[in-house]
>>> print(open('protein_33.csv').read())   # CSV, C-alpha atoms and all ligand atoms
chain,number,residue,atom,x,y,z
A,193,MET,CA,-15.1,24.8,18.3
A,194,ALA,CA,-15.8,21.2,17.3
A,195,LEU,CA,-14.7,20.3,13.9
A,196,THR,CA,-17.5,18.7,11.8
A,197,ARG,CA,-16.6,15.9,9.5
A,198,ARG,CA,-17.5,18.0,6.4
A,199,THR,CA,-15.3,20.9,7.6
A,200,PHE,CA,-12.5,18.6,8.4
A,201,LEU,CA,-12.6,16.9,4.9
A,202,LYS,CA,-12.7,20.4,3.4
A,203,GLN,CA,-9.6,21.4,5.4
A,204,VAL,CA,-7.9,18.2,4.4
A,205,ALA,CA,-8.6,18.9,0.7
A,206,LEU,CA,-7.3,22.4,1.0
A,207,ALA,CA,-4.3,21.1,2.9
A,208,GLY,CA,-3.8,18.6,0.1
A,209,SER,CA,-3.8,21.4,-2.5
A,210,ALA,CA,-1.3,23.4,-0.6
A,211,ALA,CA,0.8,20.4,0.0
A,212,TYR,CA,0.6,19.6,-3.7
A,213,LEU,CA,2.1,23.0,-4.4
A,214,GLY,CA,4.7,22.2,-1.8
A,215,ALA,CA,5.4,18.9,-3.4
A,216,CYS,CA,5.9,20.6,-6.7
A,217,SER,CA,8.5,22.8,-5.2
A,218,ARG,CA,10.2,19.7,-3.8
A,219,THR,CA,10.6,18.2,-7.2
A,220,THR,CA,13.2,19.5,-9.6
A,221,THR,CA,11.8,22.3,-11.8
A,222,ALA,CA,12.8,22.0,-15.4
A,223,GLU,CA,15.3,24.5,-16.6
A,224,HIS,CA,13.4,25.0,-19.8
A,225,PRO,CA,10.0,26.5,-20.0
A,226,PRO,CA,7.3,24.2,-21.5
A,227,GLY,CA,7.5,26.0,-24.9
A,228,SER,CA,11.1,24.9,-25.5
A,229,TRP,CA,10.9,21.5,-23.8
A,230,GLN,CA,11.1,18.4,-26.1
A,231,PRO,CA,10.1,14.9,-25.3
A,232,ALA,CA,12.9,12.3,-25.4
A,233,TYR,CA,11.5,10.6,-28.6
A,234,ALA,CA,11.8,13.9,-30.5
A,235,GLY,CA,15.6,13.7,-30.0
A,236,LEU,CA,15.7,10.1,-31.1
A,237,HIS,CA,13.6,10.9,-34.1
A,238,ALA,CA,15.9,13.8,-35.1
A,239,GLU,CA,18.8,11.4,-35.0
A,240,GLY,CA,16.9,9.0,-37.3
A,241,ARG,CA,16.9,6.3,-34.7
A,242,LEU,CA,13.2,6.1,-33.7
A,243,ALA,CA,12.3,4.2,-36.8
A,244,GLU,CA,15.0,1.6,-36.0
A,245,ARG,CA,13.5,1.1,-32.6
A,246,ALA,CA,10.1,0.6,-34.0
A,247,GLU,CA,11.4,-2.1,-36.3
A,248,GLU,CA,13.3,-3.7,-33.5
A,249,ALA,CA,10.2,-3.7,-31.3
A,250,TYR,CA,8.1,-5.1,-34.0
A,251,ARG,CA,10.5,-8.0,-34.5
A,252,LEU,CA,9.6,-9.1,-30.9
A,253,PHE,CA,6.2,-10.0,-32.1
A,254,GLU,CA,7.6,-12.8,-34.3
A,255,ARG,CA,8.6,-14.9,-31.3
A,256,CYS,CA,7.0,-13.0,-28.6
A,257,GLU,CA,9.2,-12.3,-25.6
A,258,LEU,CA,7.6,-9.0,-24.8
A,259,CYS,CA,7.2,-10.0,-21.1
A,260,PRO,CA,8.6,-12.5,-18.7
A,261,ARG,CA,6.1,-15.1,-19.8
A,262,ARG,CA,8.2,-15.6,-23.0
A,263,CYS,CA,5.3,-17.3,-24.9
A,264,ARG,CA,7.5,-17.4,-28.1
A,265,VAL,CA,4.4,-17.4,-30.3
A,266,ASN,CA,4.4,-15.6,-33.7
A,267,ARG,CA,1.9,-12.9,-33.2
A,268,ARG,CA,2.6,-11.5,-36.7
A,269,ALA,CA,1.3,-14.9,-38.0
A,270,GLY,CA,-1.9,-14.7,-35.9
A,271,GLN,CA,-0.7,-16.8,-32.9
A,272,MET,CA,-1.6,-15.6,-29.5
A,273,GLY,CA,0.1,-16.2,-26.1
A,274,PHE,CA,-1.0,-15.8,-22.5
A,275,CYS,CA,-2.2,-12.2,-23.0
A,276,ASN,CA,-4.6,-13.1,-25.9
A,277,ALA,CA,-3.3,-10.3,-28.0
A,278,SER,CA,-2.4,-10.3,-31.7
A,279,ASP,CA,0.0,-7.9,-33.4
A,280,ARG,CA,-3.0,-5.5,-33.9
A,281,VAL,CA,-3.4,-3.2,-31.0
A,282,LYS,CA,-6.7,-3.2,-29.2
A,283,VAL,CA,-7.9,-0.1,-27.4
A,284,HIS,CA,-10.7,0.3,-25.0
A,285,SER,CA,-10.8,4.0,-24.7
A,286,HIS,CA,-8.7,7.2,-24.8
A,287,GLN,CA,-9.6,10.2,-22.8
A,288,PRO,CA,-8.3,12.9,-20.4
A,289,HIS,CA,-8.1,11.3,-17.0
A,290,PHE,CA,-8.2,13.2,-13.7
A,291,GLY,CA,-7.7,10.3,-11.3
A,292,GLU,CA,-4.0,9.8,-11.8
A,293,GLU,CA,-1.2,11.4,-9.7
A,294,LEU,CA,-1.5,15.2,-9.5
A,295,PRO,CA,1.7,15.9,-11.4
A,296,LEU,CA,0.3,13.9,-14.3
A,297,VAL,CA,-3.2,15.4,-14.1
A,298,GLY,CA,-2.2,19.0,-13.8
A,299,ARG,CA,-5.1,21.2,-14.9
A,300,ARG,CA,-6.0,19.5,-18.2
A,301,GLY,CA,-5.8,15.9,-17.4
A,302,SER,CA,-3.5,13.0,-18.2
A,303,GLY,CA,-4.1,11.7,-21.7
A,304,THR,CA,-4.9,8.0,-21.0
A,305,ILE,CA,-5.1,5.3,-23.6
A,306,PHE,CA,-6.5,2.1,-22.1
A,307,PHE,CA,-5.3,-1.0,-23.9
A,308,SER,CA,-7.3,-4.2,-23.9
A,309,ASN,CA,-5.8,-7.5,-22.6
A,310,CYS,CA,-2.9,-7.8,-20.1
A,311,ASN,CA,0.0,-10.1,-19.3
A,312,LEU,CA,-1.1,-10.2,-15.6
A,313,ARG,CA,-4.2,-12.0,-14.2
A,314,CYS,CA,-4.8,-10.1,-11.0
A,315,VAL,CA,-7.7,-11.8,-9.2
A,316,PHE,CA,-8.6,-8.4,-7.8
A,317,CYS,CA,-8.4,-6.6,-11.1
A,318,GLN,CA,-10.7,-3.5,-11.3
A,319,ASN,CA,-10.6,-3.5,-15.1
A,320,TRP,CA,-11.1,-7.2,-15.7
A,321,PRO,CA,-13.5,-6.8,-18.6
A,322,ILE,CA,-10.9,-4.8,-20.4
A,323,ALA,CA,-7.7,-6.5,-19.1
A,324,HIS,CA,-8.9,-10.1,-19.0
A,325,SER,CA,-11.8,-10.4,-21.4
A,326,GLY,CA,-10.3,-8.1,-24.0
A,327,LEU,CA,-13.1,-5.6,-24.3
A,328,GLY,CA,-12.1,-3.0,-26.9
A,329,ARG,CA,-11.6,-2.6,-30.6
A,330,GLU,CA,-8.7,-3.2,-32.8
A,331,VAL,CA,-7.1,-0.2,-34.4
A,332,SER,CA,-4.1,0.4,-36.7
A,333,ASP,CA,-1.0,2.0,-35.3
A,334,ALA,CA,-1.9,5.1,-37.4
A,335,ALA,CA,-5.2,5.3,-35.6
A,336,LEU,CA,-3.4,4.9,-32.3
A,337,ALA,CA,-1.2,7.8,-33.3
A,338,ASP,CA,-4.3,9.9,-34.1
A,339,MET,CA,-5.6,9.2,-30.6
A,340,MET,CA,-2.3,10.5,-29.2
A,341,LEU,CA,-2.6,13.7,-31.3
A,342,ASP,CA,-6.3,14.0,-30.2
A,343,LEU,CA,-5.3,13.9,-26.6
A,344,GLN,CA,-2.6,16.6,-27.2
A,345,GLU,CA,-5.2,18.7,-29.0
A,346,ARG,CA,-7.5,18.4,-26.0
A,347,GLY,CA,-4.8,19.9,-23.8
A,348,CYS,CA,-3.6,16.8,-21.9
A,349,HIS,CA,-0.2,17.0,-20.3
A,350,ASN,CA,1.1,13.6,-21.3
A,351,ILE,CA,0.2,10.4,-23.3
A,352,ASN,CA,-0.4,7.9,-20.5
A,353,VAL,CA,-0.3,4.4,-22.0
A,354,VAL,CA,-2.1,2.1,-19.6
A,355,THR,CA,-1.2,-1.6,-19.6
A,356,PRO,CA,1.3,-1.2,-22.4
A,357,THR,CA,3.6,-4.2,-22.1
A,358,HIS,CA,2.0,-6.5,-24.6
A,359,VAL,CA,1.5,-3.8,-27.2
A,360,MET,CA,4.8,-1.9,-26.7
A,361,PRO,CA,5.8,-2.3,-30.4
A,362,ASN,CA,2.5,-0.7,-31.5
A,363,ILE,CA,3.1,2.1,-29.1
A,364,VAL,CA,6.6,2.8,-30.4
A,365,ASN,CA,5.4,2.7,-34.0
A,366,ALA,CA,2.5,5.0,-33.2
A,367,VAL,CA,4.8,7.5,-31.5
A,368,LEU,CA,6.9,7.4,-34.7
A,369,ILE,CA,3.9,8.2,-36.8
A,370,ALA,CA,2.6,10.8,-34.4
A,371,VAL,CA,5.9,12.7,-33.9
A,372,GLU,CA,6.0,13.3,-37.6
A,373,LYS,CA,2.5,14.9,-37.3
A,374,GLY,CA,3.5,17.1,-34.3
A,375,LEU,CA,3.2,15.1,-31.1
A,376,ARG,CA,5.3,16.7,-28.4
A,377,LEU,CA,3.9,15.4,-25.1
A,378,PRO,CA,5.9,13.1,-22.9
A,379,ILE,CA,5.0,9.4,-23.0
A,380,CYS,CA,4.0,8.0,-19.6
A,381,TYR,CA,4.5,4.2,-19.5
A,382,ASN,CA,1.9,3.0,-17.0
A,383,THR,CA,2.7,-0.6,-16.4
A,384,GLY,CA,1.8,-3.3,-13.9
A,385,GLY,CA,5.5,-4.0,-13.6
A,386,TYR,CA,5.7,-7.5,-15.1
A,387,GLU,CA,8.4,-6.5,-17.6
A,388,LEU,CA,11.6,-7.8,-19.1
A,389,VAL,CA,14.4,-5.4,-18.4
A,390,GLU,CA,15.8,-5.7,-22.0
A,391,ASN,CA,12.5,-4.5,-23.4
A,392,ILE,CA,12.6,-1.5,-21.0
A,393,ARG,CA,16.1,-0.8,-22.4
A,394,LEU,CA,14.5,-0.6,-25.8
A,395,LEU,CA,12.4,2.3,-24.6
A,396,ASP,CA,15.4,4.3,-23.5
A,397,GLY,CA,15.0,7.7,-25.2
A,398,ILE,CA,11.4,7.2,-26.0
A,399,VAL,CA,9.6,7.2,-22.7
A,400,ASP,CA,10.0,10.2,-20.4
A,401,ILE,CA,7.8,9.2,-17.5
A,402,TYR,CA,7.7,5.7,-16.0
A,403,LEU,CA,4.7,4.8,-13.8
A,404,PRO,CA,5.2,1.2,-12.7
A,405,ASP,CA,3.4,-0.8,-10.0
A,406,LEU,CA,5.4,-2.9,-7.6
A,407,LYS,CA,2.5,-5.0,-6.5
A,408,PHE,CA,4.0,-7.9,-4.6
A,409,MET,CA,7.4,-8.5,-3.0
A,410,ASP,CA,6.9,-12.3,-2.6
A,411,GLY,CA,6.8,-14.7,-5.5
A,412,ALA,CA,4.2,-17.0,-3.9
A,413,GLU,CA,1.8,-14.1,-3.2
A,414,SER,CA,2.2,-12.7,-6.7
A,415,ALA,CA,1.7,-16.2,-8.2
A,416,LEU,CA,-1.5,-16.6,-6.2
A,417,TYR,CA,-3.0,-13.2,-6.7
A,418,ALA,CA,-1.5,-11.6,-9.8
A,419,THR,CA,0.5,-13.7,-12.2
A,420,ALA,CA,-1.5,-16.9,-12.5
A,421,GLY,CA,1.3,-19.1,-11.2
A,422,ALA,CA,4.4,-17.3,-12.2
A,423,ARG,CA,6.6,-16.6,-9.2
A,424,ASP,CA,9.1,-14.2,-10.8
A,425,TYR,CA,7.1,-11.0,-10.6
A,426,PRO,CA,9.0,-9.3,-7.8
A,427,GLU,CA,12.4,-9.9,-9.4
A,428,MET,CA,11.2,-8.9,-12.9
A,429,ALA,CA,9.5,-5.7,-11.6
A,430,GLN,CA,12.4,-4.7,-9.5
A,431,GLN,CA,14.9,-5.1,-12.3
A,432,ALA,CA,12.7,-3.1,-14.6
A,433,ILE,CA,12.2,-0.3,-12.1
A,434,LEU,CA,16.0,0.0,-11.6
A,435,GLU,CA,16.4,0.4,-15.3
A,436,MET,CA,13.6,2.9,-15.5
A,437,HIS,CA,15.3,5.0,-12.9
A,438,ARG,CA,18.6,4.8,-14.7
A,439,GLN,CA,16.9,6.2,-17.8
A,440,VAL,CA,14.8,9.0,-16.4
A,441,GLY,CA,15.8,9.6,-12.7
A,442,ARG,CA,13.7,11.5,-10.3
A,443,VAL,CA,10.6,13.4,-11.3
A,444,VAL,CA,11.1,16.7,-13.0
A,445,THR,CA,8.2,19.1,-13.4
A,446,ASP,CA,7.6,22.3,-15.3
A,447,ASP,CA,6.8,25.6,-13.7
A,448,ARG,CA,3.2,24.5,-13.3
A,449,GLY,CA,4.1,21.4,-11.3
A,450,VAL,CA,3.3,19.1,-14.3
A,451,ALA,CA,5.6,16.1,-14.7
A,452,LEU,CA,7.8,16.1,-17.7
A,453,ARG,CA,10.1,13.3,-16.9
A,454,GLY,CA,11.0,10.8,-14.1
A,455,LEU,CA,10.0,7.7,-12.3
A,456,MET,CA,6.9,7.4,-10.2
A,457,VAL,CA,6.3,4.1,-8.4
A,458,ARG,CA,2.9,2.8,-7.2
A,459,HIS,CA,2.1,0.3,-4.6
A,460,LEU,CA,-1.4,-0.9,-3.5
A,461,VAL,CA,-1.8,-1.7,0.2
A,462,MET,CA,-3.7,-5.0,0.5
A,463,PRO,CA,-5.4,-6.7,3.4
A,464,ASN,CA,-3.4,-8.9,5.7
A,465,ARG,CA,-0.1,-7.5,4.4
A,466,VAL,CA,-0.2,-9.8,1.4
A,467,ALA,CA,1.3,-7.1,-0.9
A,468,GLY,CA,4.4,-6.9,1.3
A,469,SER,CA,4.2,-3.2,1.9
A,470,ARG,CA,7.0,-3.2,4.5
A,471,GLU,CA,9.3,-5.0,2.1
A,472,PHE,CA,8.3,-2.7,-0.7
A,473,ILE,CA,9.2,0.4,1.3
A,474,ASP,CA,12.5,-1.2,2.4
A,475,TRP,CA,13.4,-2.1,-1.1
A,476,ILE,CA,12.7,1.5,-2.4
A,477,ALA,CA,14.7,3.0,0.5
A,478,THR,CA,17.6,0.7,-0.1
A,479,ASN,CA,17.7,0.7,-3.9
A,480,LEU,CA,16.5,4.1,-5.0
A,481,PRO,CA,17.0,7.7,-3.9
A,482,LYS,CA,14.8,8.5,-0.8
A,483,ASP,CA,13.1,11.3,-2.8
A,484,THR,CA,11.8,8.9,-5.4
A,485,TYR,CA,8.1,9.7,-6.1
A,486,VAL,CA,6.1,6.9,-4.4
A,487,ASN,CA,2.4,6.5,-4.3
A,488,ILE,CA,1.2,4.2,-1.6
A,489,MET,CA,-2.4,3.6,-2.5
A,490,ALA,CA,-5.3,2.9,-0.2
A,491,GLN,CA,-8.0,2.1,-2.7
A,492,TYR,CA,-8.0,-1.6,-2.6
A,493,ARG,CA,-11.5,-3.0,-3.3
A,494,VAL,CA,-12.8,-6.5,-3.5
A,495,GLU,CA,-13.2,-6.8,-7.2
A,496,HIS,CA,-13.5,-9.5,-9.8
A,497,ARG,CA,-12.6,-12.9,-8.1
A,498,ALA,CA,-11.0,-11.4,-4.9
A,499,PHE,CA,-14.0,-12.7,-2.9
A,500,GLU,CA,-12.8,-16.2,-3.6
A,501,TYR,CA,-9.6,-15.6,-1.6
A,502,GLU,CA,-10.2,-15.3,2.1
A,503,PRO,CA,-7.1,-13.1,2.9
A,504,ILE,CA,-8.1,-10.5,0.3
A,505,ALA,CA,-11.9,-10.7,0.5
A,506,ARG,CA,-12.3,-7.5,2.4
A,507,ALA,CA,-11.3,-3.8,2.3
A,508,ILE,CA,-8.1,-2.7,4.0
A,509,THR,CA,-8.4,-1.2,7.5
A,510,SER,CA,-7.2,2.3,8.4
A,511,GLN,CA,-4.5,0.6,10.5
A,512,GLU,CA,-3.2,-1.3,7.5
A,513,PHE,CA,-2.9,1.8,5.4
A,514,LEU,CA,-1.5,4.0,8.2
A,515,GLU,CA,1.2,1.4,9.1
A,516,ALA,CA,2.4,1.5,5.5
A,517,MET,CA,2.5,5.3,5.5
A,518,ASP,CA,4.3,5.3,8.8
A,519,TRP,CA,6.9,2.7,7.6
A,520,ALA,CA,7.5,5.0,4.5
A,521,ARG,CA,8.1,8.0,6.7
A,522,ALA,CA,10.3,6.1,9.1
A,523,ALA,CA,12.4,4.8,6.1
A,524,GLY,CA,13.0,8.4,5.1
A,525,LEU,CA,10.9,8.4,1.9
A,526,SER,CA,10.4,12.1,1.3
A,527,ASN,CA,8.4,12.3,-1.9
A,528,LEU,CA,5.2,10.5,-1.1
A,529,ASP,CA,2.1,11.2,-3.2
A,530,GLU,CA,0.2,14.1,-1.8
A,531,ARG,CA,-3.2,12.5,-2.1
A,532,SER,CA,-1.9,9.5,-0.1
A,533,LEU,CA,-0.7,11.9,2.6
A,534,SER,CA,-4.2,13.5,2.7
A,535,GLN,CA,-5.9,10.1,2.8
A,536,ALA,CA,-3.6,9.2,5.7
A,537,GLU,CA,-4.8,12.2,7.6
A,538,VAL,CA,-8.4,11.2,7.0
A,539,HIS,CA,-7.7,7.6,8.2
A,540,ARG,CA,-5.9,9.0,11.3
A,541,ARG,CA,-8.9,11.2,12.2
A,542,ARG,CA,-11.1,8.2,11.9
A,543,LEU,CA,-9.1,6.4,14.5
A,544,MET,CA,-9.2,9.3,17.0
A,601,LIG,S1,3.3,-10.2,-24.3
A,601,LIG,FE1,1.7,-11.8,-24.4
A,601,LIG,S2,2.3,-13.3,-25.9
A,601,LIG,FE2,4.1,-12.0,-25.5
A,601,LIG,S3,5.3,-13.1,-23.9
A,601,LIG,FE3,3.9,-11.7,-22.8
A,601,LIG,S4,2.0,-12.8,-22.4
A,601,LIG,FE4,3.2,-14.0,-24.0
>>> encode(input="protein_33.csv", output="structure tokens", more="lines below")
Ligand code: SF4
Amino acid sequence: MALTRRTFLKQVALAGSAAYLGACSRTTTAEHPPGSWQPAYAGLHAEGRLAERAEEAYRLFERCELCPRRCRVNRRAGQMGFCNASDRVKVHSHQPHFGEELPLVGRRGSGTIFFSNCNLRCVFCQNWPIAHSGLGREVSDAALADMMLDLQERGCHNINVVTPTHVMPNIVNAVLIAVEKGLRLPICYNTGGYELVENIRLLDGIVDIYLPDLKFMDGAESALYATAGARDYPEMAQQAILEMHRQVGRVVTDDRGVALRGLMVRHLVMPNRVAGSREFIDWIATNLPKDTYVNIMAQYRVEHRAFEYEPIARAITSQEFLEAMDWARAAGLSNLDERSLSQAEVHRRRLM
């Protein structure tokens, strides 16, 4: 019997769900049931060291070196650097989110907090009104802590801080406030990857889940499309990811398949191979365990100013996505995001 497109997509979706359960069984299952599990920061707080970290982080505002741009402005005195952020955190929204990786979404959603402003300037940014234009409202760290507690109250599985680099001190301080009010969800540090490794070290024992992008593997491409001239993105992101892995290792889930801890790396396939997907896969395979959770994403769209740049002024083709997935498999990467695998099947069928 001929397979209709609708039937096929349904089968792919079901296969994706089944594969998701399979993926969960491939990750390490936590020894402790969720009831007894504690986030890393709870231990640090019990030792009396979380407050020290918050103070240490806040000092970084005084001569800001929160990211590789090292603007060295005093944000506590009202000065602003490249990211246009003061020392008051600005939030666009907080809500359960169901579009993240399945181990983050679970059944009740990932508790996302979208921060305004960004230390990157991706010309293809999908969130440019928030990230570039700073759409959002200033809140106190106490109010940010209340948002975390609200997301926990709503049943979310983690606190997913999106674009956190330039407001890391506020986040650490908010976690300190929130843990004293009962926060017990893992913090998911959802970063574009343009990080200083010493600042990631400061998060050791606070963050349980790291979700970095590794967007570009070539300094010239990142300078053109993501970092507004800075060529050190690949090096900075790679150093940071190695440190993240040192801290949290491979993904650990609870008995529901929900992530509790670990590293999950994202890479967006772009037109004309400008993102360096082959180099990305080789780097992961060479520098991290082959079962590192890797999400090779197909959802590139011509957003913001991307239409001004001829090489990226179109969607990716099925071939471009499939070649990246094939490279990943050939390199032995064994823990690829299940929705990427399902999407690859859809693209493969399109080419038949
Ligand atoms: S966080 Fe902002 S002000 Fe600080 S170094 Fe980075 S871009 Fe500059």
>>> closest_atom_pairs(input="protein_33.csv", of="chain A", to="ligand LIG 601 (chain A)", cutoff="8 Å", atoms="all atoms listed in the file", output="Markdown table")
| residue | atom | partner | partner_atom | distance |
| --- | --- | --- | --- | --- |
| A:Phe253 | CA | A:LIG601 | FE2 | 7.2 |
| A:Arg255 | CA | A:LIG601 | FE2 | 7.9 |
| A:Cys256 | CA | A:LIG601 | FE2 | 4.4 |
| A:Glu257 | CA | A:LIG601 | S3 | 4.3 |
| A:Leu258 | CA | A:LIG601 | S1 | 4.5 |
| A:Cys259 | CA | A:LIG601 | FE3 | 4.1 |
| A:Pro260 | CA | A:LIG601 | S3 | 6.2 |
| A:Arg261 | CA | A:LIG601 | S3 | 4.6 |
| A:Arg262 | CA | A:LIG601 | S3 | 3.9 |
| A:Cys263 | CA | A:LIG601 | FE4 | 4.0 |
| A:Arg264 | CA | A:LIG601 | S3 | 6.4 |
| A:Val265 | CA | A:LIG601 | S2 | 6.4 |
| A:Arg267 | CA | A:LIG601 | S2 | 7.3 |
| A:Met272 | CA | A:LIG601 | S2 | 5.8 |
| A:Gly273 | CA | A:LIG601 | S2 | 3.6 |
| A:Phe274 | CA | A:LIG601 | S4 | 4.2 |
| A:Cys275 | CA | A:LIG601 | FE1 | 4.2 |
| A:Asn276 | CA | A:LIG601 | FE1 | 6.6 |
| A:Ala277 | CA | A:LIG601 | FE1 | 6.3 |
| A:Cys310 | CA | A:LIG601 | S4 | 7.4 |
| A:Asn311 | CA | A:LIG601 | S4 | 4.6 |
| A:Leu312 | CA | A:LIG601 | S4 | 7.9 |
| A:Thr357 | CA | A:LIG601 | S1 | 6.4 |
| A:His358 | CA | A:LIG601 | S1 | 3.9 |
| A:Val359 | CA | A:LIG601 | S1 | 7.3 |
>>> closest_residue(input="protein_33.csv", among="A:Gln431, A:Thr484, A:Gln230, A:Gln535", to="Ile379 in chain A", atoms="only C-alpha atoms")
A:Gln230
>>> atom_distance(input="protein_33.csv", atom1="CA of Leu455 in chain A", atom2="CA of Asp333 in chain A")
26.1 Å
>>> atom_distance(input="protein_33.csv", atom1="CA of Leu388 in chain A", atom2="CA of Tyr485 in chain A")
22.1 Å
>>> atom_distance(input="protein_33.csv", atom1="CA of Glu390 in chain A", atom2="CA of Met428 in chain A")
10.7 Å
>>> residues_around(input="protein_33.csv", residues="Gln439 in chain A", least_positions_apart="4", cutoff="10 Å", atoms="only C-alpha atoms", output="list in words")
Ile392, Arg393, Leu395, Asp396, Gly397, Ile398, Val399, Asp400, Ile401, Tyr402, Ile433, Leu434, Glu435, Arg453, Gly454 and Leu455 of chain A
>>> residues_near_point(input="protein_33.csv", point="(-6.6, -2.6, -22.4)", cutoff="6 Å", atoms="all atoms listed in the file", output="PyMOL selection string")
chain A and resi 283-284+306-309+322-323
>>> write_last_selection(input="protein_33.csv", atoms="C-alpha atoms", output="PDB file, in the frame of the given file")
ATOM      1  CA  VAL A 283      -7.900  -0.100 -27.400  1.00  0.00           C
ATOM      2  CA  HIS A 284     -10.700   0.300 -25.000  1.00  0.00           C
ATOM      3  CA  PHE A 306      -6.500   2.100 -22.100  1.00  0.00           C
ATOM      4  CA  PHE A 307      -5.300  -1.000 -23.900  1.00  0.00           C
ATOM      5  CA  SER A 308      -7.300  -4.200 -23.900  1.00  0.00           C
ATOM      6  CA  ASN A 309      -5.800  -7.500 -22.600  1.00  0.00           C
ATOM      7  CA  ILE A 322     -10.900  -4.800 -20.400  1.00  0.00           C
ATOM      8  CA  ALA A 323      -7.700  -6.500 -19.100  1.00  0.00           C
TER       9      ALA A 323
END
>>> residues_around(input="protein_33.csv", residues="range 458-469 of chain A", least_positions_apart="2", cutoff="10 Å", atoms="all atoms listed in the file", output="PyMOL selection string")
chain A and resi 293+382-385+403-410+412-414+417+456+471-475+485-493+502-509+512-517+519-520+529
>>> closest_residue(input="protein_33.csv", among="A:Arg438, A:Arg313, A:Arg300, A:Arg245", to="Ala498 in chain A", atoms="all atoms listed in the file")
A:Arg313
